[in-house]
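Structure, as structure tokens:
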Amino acid sequence: MTEEQPGSDAGATTAPPSMFAIFRKRDFRFLWTGQLVSTIGSSLTDLAAGILIYQRTHSALAVGLMLMATAVPSLIVGLVAGVFVDRFDRKKIMIASDLIRAGLVVSIPFLIQIDILLLYVVVLFASAIKQFFDPAEQSVLPDVASEEELSAANAFLSISSFGSTAIGFAAAGFLASTGDINLAFYVDGLTFVLSAVCIFFVRIAPMVVDETTSVGAVVSNLRAGISMLLGTPILRSTLIVFAPVLFAFGLWNVLLLPFAVGPLGGTEFEYGLQEGLTSLGFVAGSLLMAKYIDRLPEGTWMVVSFAVMGVVGILYGLSSNIWVAIGLVTISGFAQPPSSISRSLVIQRNTPREFRGRVFSAFFVSRDVLFLIGMATAGLADVINIRVLIVIASALLIGSAILAQLMPGLGRPAAEWRRAIQLLRTAPAAAGAAVLRPVTMADFERLLGHLPALAVLDDRQRGRFLNGALLREAPPGTTVVTQGDAGDSAFFILDGRLVAGTPADDGSYRSLATMGPGDFFGEIAALTGSRRTANVVAEEPTTLLEVPAANLRAVMDVPALSSLFLSTLTERLIRTQGADRPRLAGNDQEALRDLRTPRPTVEALPGTD
């Protein structure tokens, strides 16, 4: 916050917090520093291992196999790791992961004297341990940073996670040119120890799980995490959009070294410089995102990021000068943070705390599978023109940009947004959803098809839930609820589509969102007795199940539903309280995912909190 200057208006608008405000938090400083030093060491090992293999084999396939060794463990332990991250102390998991990896990388110089194949073995084990660290780190970030700070926190963590590779890559290239490549592995071991020390000082509340950790519980929790990822539209859209991107990245990662030292005629040092400058571009892009990412929806940033990387990648594949190529990949590095940071934000903001480990792990496993396929495809460079493969990989990024513009929850054409805003502005102020009849058990069964979480209710509880409930129908343009009105009921959507928004004094709408079958709204007023927090208008013919507030409160003693409604209520209150932050053009789509996200299945819900 900026200090008020003498003579200024007391009622003047306060400037938003600096993007660096997150560093005032002690816990984030330790988390960020630990990630910074360990990433420098890891990048040393990654590049040194790749160079070591290429020096001995001169084969792009051999380099690809080394990179594939980092992804294979994800297929074996990735999903299970997420379950353990959600059931045990995430802080201890991160510390143990760092210390084990320190011991593994330090052993590399000794093991390769026995057989170079042992390098693959160590990389496999280190990567397996990493499957526990990564989802734990991503899961604790929302506990360390507030909702308002989360965007900047992700941006700066991206710098420590990826941007610091500039130092590691440059150092690895230098060590390779001097012949002392083993030093890279010793330095990496030290950085893992330093990272463990930093994480030790981070204060993170442990997960509280009453259920015992049995094989059945692990399987059930695993299924719940996958259901959350695949059953939530915006999470599913993110996974689909990133699929061709991750394949392309896997292909790129293998081809960069042989392309730089082959067709471009570069040296190993120039290759290391290329990788280092790419990381510097990533740092610059991450800093930009720390300041501006909240100006546009995450899906829009993905479109821009993929499109720029795709165009630059095609030019890179067609270039013939190493220095021009270095400049192009630096631009590509600059364009990557908008999509990578947006992806993390989408997952963190749309996944409850108790599910983050599993959802991140499921996403990481999908990522590594696609990496593997891309890396395996890179072996074709031994028989196909490497430039052709690079251009194909880049074209896939452009295709993903188009896909991100179309997928639910991520991209939405401007015409649709204008139509939604027009509906909110022109809809009559008075609520007009007509009552059709009292709700029947058949209506409840229809709702279960969209919201399986309600299946936990037994017959008696279902009767209490439906007592006095009404089935309503709202034609297009009908106002269902109005901000500021008293509310004594909640609404569950059976069919149709609605738009919601918080009106501003200038006539614009903030927190613009859409809702479909299975979504619910009005629970804030129903559970707290407060007034409605937004206007909700039917965008197409919509059928609603209106449940009296007393009925909703009556099922709050069911742990699964209590967790579902209270977590949703809390998230929406946070967004409502933050709605007055300055936004671009007054049309804030930040909460697009909030009301339209279907809730987890019954298996995904915790038994107690």
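Identifiers for the structure tokens are assigned positionally: chains receive A, B, ... in sequence, residues are indexed from 1 per chain, and ligands are indexed from 1 in the order shown.
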| What are the DSSP alpha helix (DSSP H) residues of range 190-406 of chain A, as number ranges by chain? | A: 190-200, 215-231, 233-261, 268-292, 298-318, 322-335, 337-349, 356-378, 386-406
Counting only C-alpha atoms, what are the residues of range 208-314 of chain A within 6 Å of range 389-412 of chain A, and for each of them which pair of atoms is the nearest and at what distance in Å, to one decimal? Sort the table by chain and rising number, as CSV.
```
residue,atom,partner,partner_atom,distance
A:Ile234,CA,A:Gly409,CA,4.8
A:Ser237,CA,A:Met407,CA,5.8
A:Val241,CA,A:Ser400,CA,5.7
A:Val245,CA,A:Leu397,CA,5.6
A:Ala248,CA,A:Ala393,CA,4.6
A:Gly299,CA,A:Leu410,CA,4.0
A:Val303,CA,A:Ala401,CA,4.3
A:Phe306,CA,A:Ala401,CA,5.1
A:Ala307,CA,A:Ile398,CA,4.9
A:Gly310,CA,A:Ser394,CA,4.4
A:Gly313,CA,A:Ser394,CA,5.0
A:Ile314,CA,A:Val391,CA,4.8
```
Would you save the residues from that selection as an mmCIF file, in the first residue's frame, using N, CA, C and O atoms?
```
data_model
loop_
_atom_site.group_PDB
_atom_site.id
_atom_site.type_symbol
_atom_site.label_atom_id
_atom_site.label_comp_id
_atom_site.auth_asym_id
_atom_site.auth_seq_id
_atom_site.Cartn_x
_atom_site.Cartn_y
_atom_site.Cartn_z
ATOM 1 N N ILE A 234 -13.501 -26.466 -16.110
ATOM 2 C CA ILE A 234 -12.349 -25.607 -16.369
ATOM 3 C C ILE A 234 -11.036 -26.368 -16.184
ATOM 4 O O ILE A 234 -10.061 -26.135 -16.898
ATOM 5 N N SER A 237 -10.791 -28.579 -19.280
ATOM 6 C CA SER A 237 -10.422 -27.752 -20.432
ATOM 7 C C SER A 237 -8.929 -27.433 -20.416
ATOM 8 O O SER A 237 -8.255 -27.466 -21.453
ATOM 9 N N VAL A 241 -6.327 -28.451 -23.379
ATOM 10 C CA VAL A 241 -5.600 -27.403 -24.095
ATOM 11 C C VAL A 241 -4.094 -27.607 -24.003
ATOM 12 O O VAL A 241 -3.356 -27.379 -24.968
ATOM 13 N N VAL A 245 0.438 -28.925 -26.255
ATOM 14 C CA VAL A 245 1.556 -28.075 -25.829
ATOM 15 C C VAL A 245 2.635 -28.914 -25.159
ATOM 16 O O VAL A 245 3.833 -28.772 -25.449
ATOM 17 N N ALA A 248 4.471 -30.978 -27.611
ATOM 18 C CA ALA A 248 5.418 -30.137 -28.356
ATOM 19 C C ALA A 248 6.643 -29.803 -27.513
ATOM 20 O O ALA A 248 7.772 -29.813 -28.016
ATOM 21 N N GLY A 299 -7.539 -17.848 -19.333
ATOM 22 C CA GLY A 299 -7.644 -18.420 -20.666
ATOM 23 C C GLY A 299 -7.116 -17.504 -21.750
ATOM 24 O O GLY A 299 -6.510 -17.957 -22.733
ATOM 25 N N VAL A 303 -4.029 -18.119 -24.562
ATOM 26 C CA VAL A 303 -4.121 -17.903 -26.008
ATOM 27 C C VAL A 303 -2.935 -17.083 -26.500
ATOM 28 O O VAL A 303 -2.261 -17.438 -27.484
ATOM 29 N N PHE A 306 0.513 -19.162 -26.122
ATOM 30 C CA PHE A 306 0.689 -20.238 -27.104
ATOM 31 C C PHE A 306 0.929 -19.676 -28.502
ATOM 32 O O PHE A 306 1.759 -20.195 -29.258
ATOM 33 N N ALA A 307 0.181 -18.638 -28.869
ATOM 34 C CA ALA A 307 0.301 -18.073 -30.216
ATOM 35 C C ALA A 307 1.691 -17.497 -30.450
ATOM 36 O O ALA A 307 2.315 -17.740 -31.492
ATOM 37 N N GLY A 310 4.298 -20.254 -30.640
ATOM 38 C CA GLY A 310 4.181 -20.998 -31.876
ATOM 39 C C GLY A 310 4.810 -20.282 -33.055
ATOM 40 O O GLY A 310 5.573 -20.871 -33.828
ATOM 41 N N GLY A 313 8.538 -20.146 -32.610
ATOM 42 C CA GLY A 313 9.115 -21.471 -32.810
ATOM 43 C C GLY A 313 9.279 -21.823 -34.279
ATOM 44 O O GLY A 313 10.287 -22.434 -34.679
ATOM 45 N N ILE A 314 8.309 -21.441 -35.098
ATOM 46 C CA ILE A 314 8.426 -21.697 -36.537
ATOM 47 C C ILE A 314 9.609 -20.929 -37.120
ATOM 48 O O ILE A 314 10.395 -21.470 -37.916
#
```
| Separation of CA of Arg437 in chain A from CA of Gly463 in chain A in Å |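 For CA of Gly463 in chain A relative to CA of Arg437 in chain A, the distance reads 16.2 Å.
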| query | For Lys25 in chain A, which residue among A:Thr330, A:Ser146, A:Gln461, A:Gln274 is the nearest when counting only C-alpha atoms? | reply |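 With only C-alpha atoms as the atom set, the closest residue is A:Ser146.
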| request: Find the distance between CA of Glu539 in chain A and CA of Gly449 in chain A and write it in Å to one decimal. | output: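 Going from CA of Glu539 in chain A over to CA of Gly449 in chain A covers 21.8 Å.
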| query | Can you list, as JSON, numbers by chain, every protein, DNA or RNA residue that comes within 12 Å of Met556 in chain A when you count only C-alpha atoms, leaving out same-chain residues fewer than 6 positions away? | reply | {"A": [454, 456, 457, 461, 464, 465, 523, 526, 527, 549, 550, 562, 563, 564, 565, 566, 608]}
